[in-house]
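J.: One structure follows; several queries about it will come next.
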Amino acid sequence: MARLLIPVTWTQEVNGSTTTKTVYYLKADAGEDCAADETPLLTLFASILNNNALSVNQKVDQLAALFLPTIPANLAGMFWDDRDCSGTYIETSDDDIVGGNPANPGGGGDPVVLGGTVVDPPNDPTFLDIRYEWQQINGEWLARLYNQASPSASGGNQLMYFMDGDDDPFIGAMPNDYYVTPGTTLMPLLALGPRVEMYPDGYSRKSQQFIYIGAAPSS
Amino acid sequence: MAKINDPSYLQPASWVSPGLKEAPSFTMLDGRQAMLYNKREDVSSVDVVGRGGVNFVRNGVSADKTFKWGESKEMASGTTNDGYPGLTKTAAEWRAFARSLPLYGLFIDQFLEDEWRVPNESDQYYAFVEERWLMHQEANKFNNSFLTYGAFILPLFRDWKIGGVQKLPTDNAFKKYYGNQALVRSDFAQYYLPIGGRSHSLHDLVWSSVKDYPQYPYEANDFCGHIWEMEVQKIGGSPGDPLGYVTTHFLETLPDSVNTSDGDIHIGIKMSRRLTSPAGLVKTAVHPYRDYDQMKASMFVMGLCIGNRLIYWDTPNQYGANPNTVYKNFGEGDVHTVEWFPDTPGTPMPLPSSGSGYPPERQIGYDALFSACHIYHEMRGTAGEEFAYLPYKIGNGSWIEPEADGSSILSHATAKRWVVMGRRSGNNRSHWAYNPFLSKRRSAAQTITVSNNGKDYTYQNLQGRVLHPYNEI
């Protein structure tokens with residue numbers, strides 16, 4: 001199988017600022033055409049995130065021709081999988097992800113959609129202001145989450161971080177080693193109150209933020 | 001084995017629901033049905049039907065495409081009586097109310113609430129549902145009607161407590177129903193058996209469902225507990241019965257503040273969003289969000305794999321799609337208060353020239369529903385088969401075999417471990433793994449090996465509280 005190399009420029013935003021710009025080369029199997037009545041060989045089921053200009057199931061050469069003029073300046077990521085003439089999925093060892101390095105947060109070597117990271121602005125930045133930083137640990141890119149704010153508790157109350165559905169919250173402070181893989185969605189909730197039980201005893205203060213950790217930067 | 005991902009049209013940056021406008025049309029197999037509200041002003045409800053496998057829409061479509069959420073206050077003008085004011089109406093009046101409504105694509109009610117609320121055990125409620133059943137008989141139409149959501153006459157999960165006493169999920173109080181239809185029917189006779197000389201049981205007239213409105217950010221016990229409810233209902237019912245899963249997108253009981261709240265559940269938390277033109281920050285009061293992944297997993301597993309009706313409750317409010325508008329608060333009764341903080345002082349709040357403006361909260365429940373339906377549809381290569389618990393092992397540990405009596409969810413809940421189900425059709429295999437007890441942190445990830453009808457599959461470093469669906473077709 002021949003390989004088709006396509007240059008892609010990819011930018012990464014961290015906390016609203018563009019910090020990384022890396023050139024990738026997409027690999028694609030440029031196979032032979034199928035018979036006229038068959039699905040094109042090795043058609044690419046492709047999707048450029050935040051750009052809908054491409055359609056799916058197009059031949060490699062057609063797709064390549066479309067790639068170059070349509071790549072958005074802020075391409076966040078893309079994925080594809082390989083299919084044979086009958087349209088059957090072919091499992092390959094290829095890393096079928098661009099904009100995601102390392103490959104698959106879920107393991108298994110299968111394609112996964114990764115877009116740009118999204119962090120909703122905090123409602124109360126003196127209380128909960130979740131941010132992230134990328135770290136490469138054992139060759140794996142992970143996002144470490146932390147609270148930029150420094151809230152304090154008083155009057156018998158305690159700070160309780162409900163990060164991702166734990167039965168018991170983190171009490172007092174957010175752990176400094178809270179790492180997640182690309183593709184993770186979180187809705188951390190910080191509450192200030194007298195005890196863990198939420199109902200019917202309310203909190204004197206609470207805040208929540210939506211976070212989606214998208215594609216990792218290049219190594 | 002290919003992993004099934006979220007559909008690519010979903011966009012984490014968007015607060016509107018892309019699925020309502022962009023999801024491809026398909027029909028889910030195995031009699032699965034999904035329903036929701038059309039939350040977008042820029043999309044016709046008629047156009048929503050069929051997208052992403054959605055069968056019914058709450059608003060803006062013909063009756064046969066409508067998912068009707070019945071409310072007792074529709075029966076007559078309001079009353080302030082305590083107790084069950086609906087009992088002051090006669091059975092004949094309830095029958096007349098039933099006759100006043102058209103035949104809907106799907107009907108479910110909240111008759112335990114509102115002005116004319118009635119208990120499900122009452123003759124009045126029976127009269128209503130029997131009349132609706134008769135109407136469908138007369139029209140020769142399938143009666144896609146459901147018992148009151150959250151009905152007390154069905155098996156109810158209460159944090160694995162019996163009489164207020166904490167039990168293990170594997171306690172016989174929960175396990176005793178597996179393989180024993182007669183016991184289910186006798187213990188929940190108000191639904192399964194004709195009582196009081198009636199010619200029908202409620203089960204003959206309306207289908208059952210479970211209500212999953214999580215109260216806390218931690219949903220693991222709810223996940224397992226509601227599966228138990230569904231499995232007991234399946235045992236009590238007949239093969240192929242419709243079985244609903246009713247859910248929503250917010251955490252119901254998180255009072256805003258001990259200083260300002262009187263316990264009202266319909267106030268919440270503030271979420272923020274930046275606008276670019278005009279530049280500024282908008283803050284809106286909303287309910288706290290449920291976790292997207294836990295919501296999606298519950299919708300897929302309970303709404304589509306174990307049950308077959310995915311029912312999403314929401315308000316009928318619709319929103320604009322322009323992110324540079326803010327939500328227009330409609331005054332008294334509207335909980336979504338809006339605050340505007342322009343970067344340039346004095347910049348007026350960018351209210352929409354018409355309509356409601358951009359949503360006050362993420363429509364993330366809709367993303368979860370569209371993803372759940374997408375995953376189920378991707379598993380169509382194994383359609384026609386039932387999902388069953390599969391053997392699996394964690395790392396190099398011992399195989400964890402399904403319980404012979406079907407009660408695997410109880411042992412998984414007790415051990416706080418993965419729930420794995422799958423099915424096979426010929427050479428095609430589909431399965432999913434989900435651990436509601438495991439953190440999403442990288443350090444908590446686990447490697448598991450799943451055995452699906454003679455073939456083993458190992459998955460490295462699976463993340464907790466995330467649904468992992470796979471397909472081999």
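Letters A, B, ... mark the chains of the structure tokens in the order given; residue numbers begin at 1 per chain; ligand numbers begin at 1, in order shown.
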Write out as JSON lines the residues of range 246-339 of chain B that have any atom within 10 Å of an atom of range 155-169 of chain A, one row each with the nearest atom pair and its distance in Å to one decimal, counting only C-alpha atoms, sorted by chain and then rising number.
T.:
```
{"residue": "B:Arg290", "atom": "CA", "partner": "A:Gly165", "partner_atom": "CA", "distance": 9.3}
{"residue": "B:Asp291", "atom": "CA", "partner": "A:Asp164", "partner_atom": "CA", "distance": 7.2}
{"residue": "B:Tyr292", "atom": "CA", "partner": "A:Asp164", "partner_atom": "CA", "distance": 9.9}
{"residue": "B:Asp293", "atom": "CA", "partner": "A:Asp164", "partner_atom": "CA", "distance": 9.4}
{"residue": "B:Gln294", "atom": "CA", "partner": "A:Gly165", "partner_atom": "CA", "distance": 8.3}
```
J.: Running DSSP on the backbone, which parts of range 197-254 of chain B land in strand (DSSP E), as a list in words?
T.: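 Filtering range 197-254 of chain B down to strand (DSSP E) leaves Ser208, Ser209, Val210, Lys211, Asp212, Leu243, Gly244, Tyr245, Val246 and Thr247 of chain B.
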J.: With chain A as the partner and 8 Å as the cut-off, tabulate the residues of chain B that qualify, each row holding the nearest pair of atoms and their distance in Å to one decimal, using only C-alpha atoms, sorted by chain and rising number, as a tab-separated table.
T.:
```
residue	atom	partner	partner_atom	distance
B:Met1	CA	A:Glu91	CA	7.3
B:Ala2	CA	A:Asp110	CA	5.7
B:Lys3	CA	A:Asp110	CA	5.7
B:Asn5	CA	A:Val112	CA	6.0
B:Asp6	CA	A:Val113	CA	7.3
B:Ser8	CA	A:Val113	CA	6.9
B:Gln11	CA	A:Asn50	CA	7.8
B:Pro12	CA	A:Val118	CA	6.6
B:Ala13	CA	A:Val118	CA	6.0
B:Tyr216	CA	A:Met198	CA	7.6
B:Pro217	CA	A:Gly165	CA	5.2
B:Tyr218	CA	A:Gly165	CA	4.0
B:Glu219	CA	A:Gly165	CA	6.5
B:Ala220	CA	A:Gly165	CA	7.8
B:Thr253	CA	A:Tyr199	CA	6.5
B:Leu254	CA	A:Met198	CA	6.6
B:Pro255	CA	A:Gly202	CA	5.2
B:Asp256	CA	A:Gly202	CA	6.5
B:Ser257	CA	A:Ser204	CA	4.8
B:Val258	CA	A:Gly202	CA	5.0
B:Asn259	CA	A:Ser204	CA	6.4
B:Ser261	CA	A:Gly202	CA	7.7
B:Gly263	CA	A:Pro200	CA	6.9
B:Ile269	CA	A:Ser207	CA	6.6
B:Lys270	CA	A:Asn123	CA	6.2
B:Met271	CA	A:Asn123	CA	5.8
B:Ser272	CA	A:Asn123	CA	5.3
B:Arg273	CA	A:Pro121	CA	6.1
B:Arg274	CA	A:Pro121	CA	7.1
B:Lys283	CA	A:Asn123	CA	6.9
B:Pro288	CA	A:Gln208	CA	7.1
B:Tyr289	CA	A:Met187	CA	7.3
B:Arg290	CA	A:Met187	CA	7.6
B:Asp291	CA	A:Met187	CA	5.9
B:Tyr292	CA	A:Thr185	CA	7.0
B:Asp293	CA	A:Thr185	CA	7.3
B:Phe437	CA	A:Asp166	CA	7.3
B:Leu438	CA	A:Asp166	CA	7.8
B:Ser439	CA	A:Asp164	CA	6.5
B:Lys440	CA	A:Asp164	CA	6.4
B:Arg441	CA	A:Val180	CA	5.1
B:Arg442	CA	A:Val180	CA	5.0
B:Ser443	CA	A:Tyr179	CA	7.5
B:Thr458	CA	A:Gly108	CA	7.5
B:Tyr459	CA	A:Gly108	CA	5.2
B:Gln460	CA	A:Gly107	CA	4.7
B:Asn461	CA	A:Gly107	CA	5.8
B:Leu462	CA	A:Gly106	CA	5.0
B:Gln463	CA	A:Gly106	CA	6.2
B:Arg465	CA	A:Gly165	CA	7.8
B:His468	CA	A:Gly106	CA	7.6
B:Ile473	CA	A:Thr88	CA	7.4
```
J.: Interatomic distance between CA of Tyr132 in chain A and CA of Ala215 in chain A?
T.: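 Atom-to-atom, CA of Tyr132 in chain A and CA of Ala215 in chain A are spaced 12.8 Å apart.
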J.: Point out the residue among B:Ser62, B:Thr248, B:Thr449, B:Ser398 with the least atom-to-atom distance to Thr315 in chain B, counting only C-alpha atoms.
T.: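 Closest candidate: B:Thr248.
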J.: What's around Phe107 in chain B at 9 Å? Count only C-alpha atoms, leave out sequence neighbours fewer than 6 positions away in its own chain, and write the answer as number ranges by chain.
T.: B: 66-70, 143-147
J.: Pull C-alpha atoms from the residues just selected and write them as a PDB file, in the first residue's frame.
T.:
```pdb
ATOM      1  CA  THR B  66     -45.838  13.514  19.854  1.00  0.00           C
ATOM      2  CA  PHE B  67     -44.357  12.328  23.090  1.00  0.00           C
ATOM      3  CA  LYS B  68     -47.061  13.592  25.446  1.00  0.00           C
ATOM      4  CA  TRP B  69     -46.214  14.327  29.060  1.00  0.00           C
ATOM      5  CA  GLY B  70     -49.607  14.375  30.728  1.00  0.00           C
ATOM      6  CA  ASN B 143     -51.177   1.616  23.149  1.00  0.00           C
ATOM      7  CA  ASN B 144     -47.784   3.177  23.770  1.00  0.00           C
ATOM      8  CA  SER B 145     -48.862   4.544  27.152  1.00  0.00           C
ATOM      9  CA  PHE B 146     -46.950   4.424  30.393  1.00  0.00           C
ATOM     10  CA  LEU B 147     -47.785   4.401  34.063  1.00  0.00           C
TER      11      LEU B 147
END
```
J.: Could you tell me which of B:Pro85, B:Gly303, B:Pro436, B:Gly225 comes closest to Val246 in chain B if we count only C-alpha atoms?
T.: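 Among the listed residues, the smallest separation from Val246 in chain B belongs to B:Gly303.
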J.: Enumerate the residues of range 184-390 of chain B with a DSSP assignment of helix (DSSP H, G or I), computed from the backbone, and present them as an NGL selection string.
T.: :B and (184-187 or 189-192 or 202-205 or 220-236 or 292-306 or 364-382)
J.: For range 330-336 of chain B, work out the shell of residues within 7 Å, counting only C-alpha atoms and skipping chain neighbours fewer than 4 positions away, then give it as a ChimeraX atom specification.
T.: /B:267,284-286,360
J.: Find the residues around range 401-403 of chain B up to 9 Å (only C-alpha atoms counted), leave out those fewer than 2 positions away in its own chain, and share them as a list in words.
T.: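 Non-adjacent residues within range: Ala388, Tyr389, Leu390, Pro391, Tyr392, Lys393, Trp399, Asp405, Gly406, Ser407, Ser408, Ile409 and Ser411 of chain B.
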J.: Give me, please, the distance in Å between CA of Thr247 in chain B and CA of Asp212 in chain B, quoted to one decimal.
T.: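 According to the coordinates, CA of Thr247 in chain B and CA of Asp212 in chain B are separated by 5.0 Å.
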J.: Residues at most 7 Å from Trp418 in chain B, counting only C-alpha atoms, excluding those fewer than 3 positions away in the same chain, as a PyMOL selection string?
T.: chain B and resi 412+433-435
J.: Which polymer residues have any atom within 10 Å of an atom of Val184 in chain B, counting only C-alpha atoms, with same-chain residues fewer than 2 positions away left out, as a tab-separated table (two decimals) with all heavy atoms, in the first residue's frame?
T.:
```
chain	number	residue	atom	x	y	z
B	154	LEU	N	-44.48	0.54	41.93
B	154	LEU	CA	-43.48	-0.30	41.28
B	154	LEU	C	-42.29	-0.50	42.22
B	154	LEU	O	-42.14	0.24	43.20
B	154	LEU	CB	-43.00	0.35	39.99
B	154	LEU	CG	-44.03	0.44	38.86
B	154	LEU	CD1	-43.48	1.30	37.72
B	154	LEU	CD2	-44.39	-0.94	38.35
B	155	PRO	N	-41.45	-1.49	41.96
B	155	PRO	CA	-40.24	-1.64	42.79
B	155	PRO	C	-39.41	-0.36	42.74
B	155	PRO	O	-39.14	0.16	41.66
B	155	PRO	CB	-39.51	-2.82	42.16
B	155	PRO	CG	-40.14	-3.03	40.82
B	155	PRO	CD	-41.53	-2.52	40.93
B	176	LYS	N	-34.20	-11.73	45.72
B	176	LYS	CA	-35.26	-12.75	45.74
B	176	LYS	C	-36.18	-12.72	44.51
B	176	LYS	O	-36.87	-13.69	44.22
B	176	LYS	CB	-36.11	-12.59	47.00
B	176	LYS	CG	-36.87	-11.26	47.07
B	176	LYS	CD	-37.60	-11.11	48.40
B	176	LYS	CE	-38.33	-9.77	48.47
B	176	LYS	NZ	-38.97	-9.56	49.79
B	177	TYR	N	-36.17	-11.59	43.80
B	177	TYR	CA	-37.10	-11.48	42.67
B	177	TYR	C	-36.58	-12.14	41.39
B	177	TYR	O	-37.37	-12.45	40.49
B	177	TYR	CB	-37.39	-10.00	42.37
B	177	TYR	CG	-38.12	-9.32	43.51
B	177	TYR	CD1	-37.52	-8.30	44.23
B	177	TYR	CD2	-39.41	-9.70	43.86
B	177	TYR	CE1	-38.18	-7.67	45.27
B	177	TYR	CE2	-40.08	-9.09	44.91
B	177	TYR	CZ	-39.45	-8.07	45.60
B	177	TYR	OH	-40.12	-7.47	46.63
B	178	TYR	N	-35.28	-12.35	41.32
B	178	TYR	CA	-34.72	-12.92	40.09
B	178	TYR	C	-35.22	-14.35	39.89
B	178	TYR	O	-35.10	-15.18	40.77
B	178	TYR	CB	-33.20	-12.84	40.11
B	178	TYR	CG	-32.71	-11.42	39.89
B	178	TYR	CD1	-32.56	-10.54	40.97
B	178	TYR	CD2	-32.45	-10.95	38.61
B	178	TYR	CE1	-32.15	-9.23	40.77
B	178	TYR	CE2	-32.05	-9.64	38.41
B	178	TYR	CZ	-31.90	-8.78	39.49
B	178	TYR	OH	-31.52	-7.49	39.29
B	179	GLY	N	-35.80	-14.59	38.75
B	179	GLY	CA	-36.32	-15.91	38.43
B	179	GLY	C	-37.65	-16.22	39.10
B	179	GLY	O	-38.10	-17.37	39.10
B	180	ASN	N	-38.29	-15.22	39.68
B	180	ASN	CA	-39.53	-15.49	40.42
B	180	ASN	C	-40.61	-14.47	40.04
B	180	ASN	O	-40.87	-13.52	40.76
B	180	ASN	CB	-39.25	-15.46	41.93
B	180	ASN	CG	-40.40	-16.08	42.73
B	180	ASN	OD1	-41.52	-16.20	42.24
B	180	ASN	ND2	-40.08	-16.49	43.95
B	181	GLN	N	-41.22	-14.69	38.90
B	181	GLN	CA	-42.23	-13.74	38.42
B	181	GLN	C	-43.42	-13.66	39.37
B	181	GLN	O	-43.98	-12.57	39.60
B	181	GLN	CB	-42.71	-14.14	37.02
B	181	GLN	CG	-43.68	-13.13	36.42
B	181	GLN	CD	-44.24	-13.57	35.09
B	181	GLN	OE1	-44.93	-14.60	35.00
B	181	GLN	NE2	-43.94	-12.82	34.04
B	182	ALA	N	-43.78	-14.79	39.93
B	182	ALA	CA	-44.95	-14.80	40.82
B	182	ALA	C	-44.72	-13.89	42.02
B	182	ALA	O	-45.64	-13.18	42.47
B	182	ALA	CB	-45.25	-16.23	41.27
B	186	SER	N	-46.88	-10.61	43.03
B	186	SER	CA	-47.62	-10.53	44.29
B	186	SER	C	-47.13	-9.37	45.15
B	186	SER	O	-47.92	-8.70	45.81
B	186	SER	CB	-47.52	-11.85	45.05
B	186	SER	OG	-46.17	-12.13	45.38
B	187	ASP	N	-45.83	-9.12	45.13
B	187	ASP	CA	-45.30	-8.00	45.92
B	187	ASP	C	-45.70	-6.65	45.34
B	187	ASP	O	-45.76	-5.66	46.06
B	187	ASP	CB	-43.77	-8.08	46.02
B	187	ASP	CG	-43.33	-9.00	47.15
B	187	ASP	OD1	-44.20	-9.68	47.73
B	187	ASP	OD2	-42.12	-9.04	47.44
B	188	PHE	N	-45.93	-6.62	44.03
B	188	PHE	CA	-46.32	-5.35	43.39
B	188	PHE	C	-47.66	-5.54	42.67
B	188	PHE	O	-47.84	-5.20	41.51
B	188	PHE	CB	-45.21	-4.89	42.43
B	188	PHE	CG	-43.88	-4.76	43.13
B	188	PHE	CD1	-42.92	-5.77	43.02
B	188	PHE	CD2	-43.60	-3.67	43.94
B	188	PHE	CE1	-41.71	-5.68	43.70
B	188	PHE	CE2	-42.39	-3.57	44.61
B	188	PHE	CZ	-41.44	-4.58	44.50
B	189	ALA	N	-48.56	-6.09	43.46
B	189	ALA	CA	-49.86	-6.48	42.91
B	189	ALA	C	-50.65	-5.30	42.38
B	189	ALA	O	-51.46	-5.45	41.46
B	189	ALA	CB	-50.66	-7.21	43.99
B	192	TYR	N	-49.36	-5.30	38.81
B	192	TYR	CA	-49.33	-6.50	37.97
B	192	TYR	C	-50.62	-7.32	38.01
B	192	TYR	O	-50.84	-8.16	37.13
B	192	TYR	CB	-48.15	-7.39	38.37
B	192	TYR	CG	-46.81	-6.81	37.95
B	192	TYR	CD1	-45.95	-6.23	38.87
B	192	TYR	CD2	-46.43	-6.82	36.61
B	192	TYR	CE1	-44.74	-5.68	38.48
B	192	TYR	CE2	-45.22	-6.28	36.21
B	192	TYR	CZ	-44.38	-5.71	37.16
B	192	TYR	OH	-43.18	-5.16	36.76
B	232	VAL	N	-36.31	-6.14	37.64
B	232	VAL	CA	-37.47	-6.68	38.37
B	232	VAL	C	-38.74	-6.45	37.56
B	232	VAL	O	-39.61	-7.32	37.47
B	232	VAL	CB	-37.57	-6.06	39.78
B	232	VAL	CG1	-38.85	-6.50	40.48
B	232	VAL	CG2	-36.36	-6.44	40.62
B	233	GLN	N	-38.85	-5.29	36.94
B	233	GLN	CA	-40.03	-5.02	36.10
B	233	GLN	C	-40.09	-5.96	34.90
B	233	GLN	O	-41.17	-6.38	34.49
B	233	GLN	CB	-40.03	-3.56	35.65
B	233	GLN	CG	-40.31	-2.58	36.79
B	233	GLN	CD	-40.29	-1.13	36.34
B	233	GLN	OE1	-40.60	-0.83	35.21
B	233	GLN	NE2	-39.93	-0.23	37.25
B	234	LYS	N	-38.92	-6.27	34.34
B	234	LYS	CA	-38.92	-7.20	33.20
B	234	LYS	C	-39.36	-8.59	33.65
B	234	LYS	O	-40.07	-9.30	32.93
B	234	LYS	CB	-37.52	-7.27	32.58
B	234	LYS	CG	-37.13	-6.01	31.84
B	234	LYS	CD	-35.76	-6.11	31.20
B	234	LYS	CE	-35.83	-6.76	29.85
B	234	LYS	NZ	-34.58	-6.53	29.07
B	235	ILE	N	-38.93	-8.99	34.85
B	235	ILE	CA	-39.33	-10.29	35.38
B	235	ILE	C	-40.84	-10.31	35.62
B	235	ILE	O	-41.53	-11.28	35.31
B	235	ILE	CB	-38.55	-10.60	36.68
B	235	ILE	CG1	-37.06	-10.76	36.37
B	235	ILE	CG2	-39.11	-11.83	37.38
B	235	ILE	CD1	-36.16	-10.67	37.59
B	236	GLY	N	-41.36	-9.23	36.14
B	236	GLY	CA	-42.79	-9.18	36.44
B	236	GLY	C	-43.65	-9.07	35.20
B	236	GLY	O	-44.82	-9.49	35.21
B	237	GLY	N	-43.10	-8.54	34.15
B	237	GLY	CA	-43.88	-8.34	32.92
B	237	GLY	C	-43.80	-9.54	32.00
B	237	GLY	O	-43.54	-10.67	32.42
```
J.: Quick one, how far is CA of Ala127 in chain B from CA of Arg95 in chain B?
T.: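 For CA of Ala127 in chain B relative to CA of Arg95 in chain B, the distance reads 5.7 Å.
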J.: So, counting only C-alpha atoms, which residue among B:Gln318, B:Pro345, B:Lys416, B:Ile195 is closest to Phe223 in chain B?
T.: B:Lys416
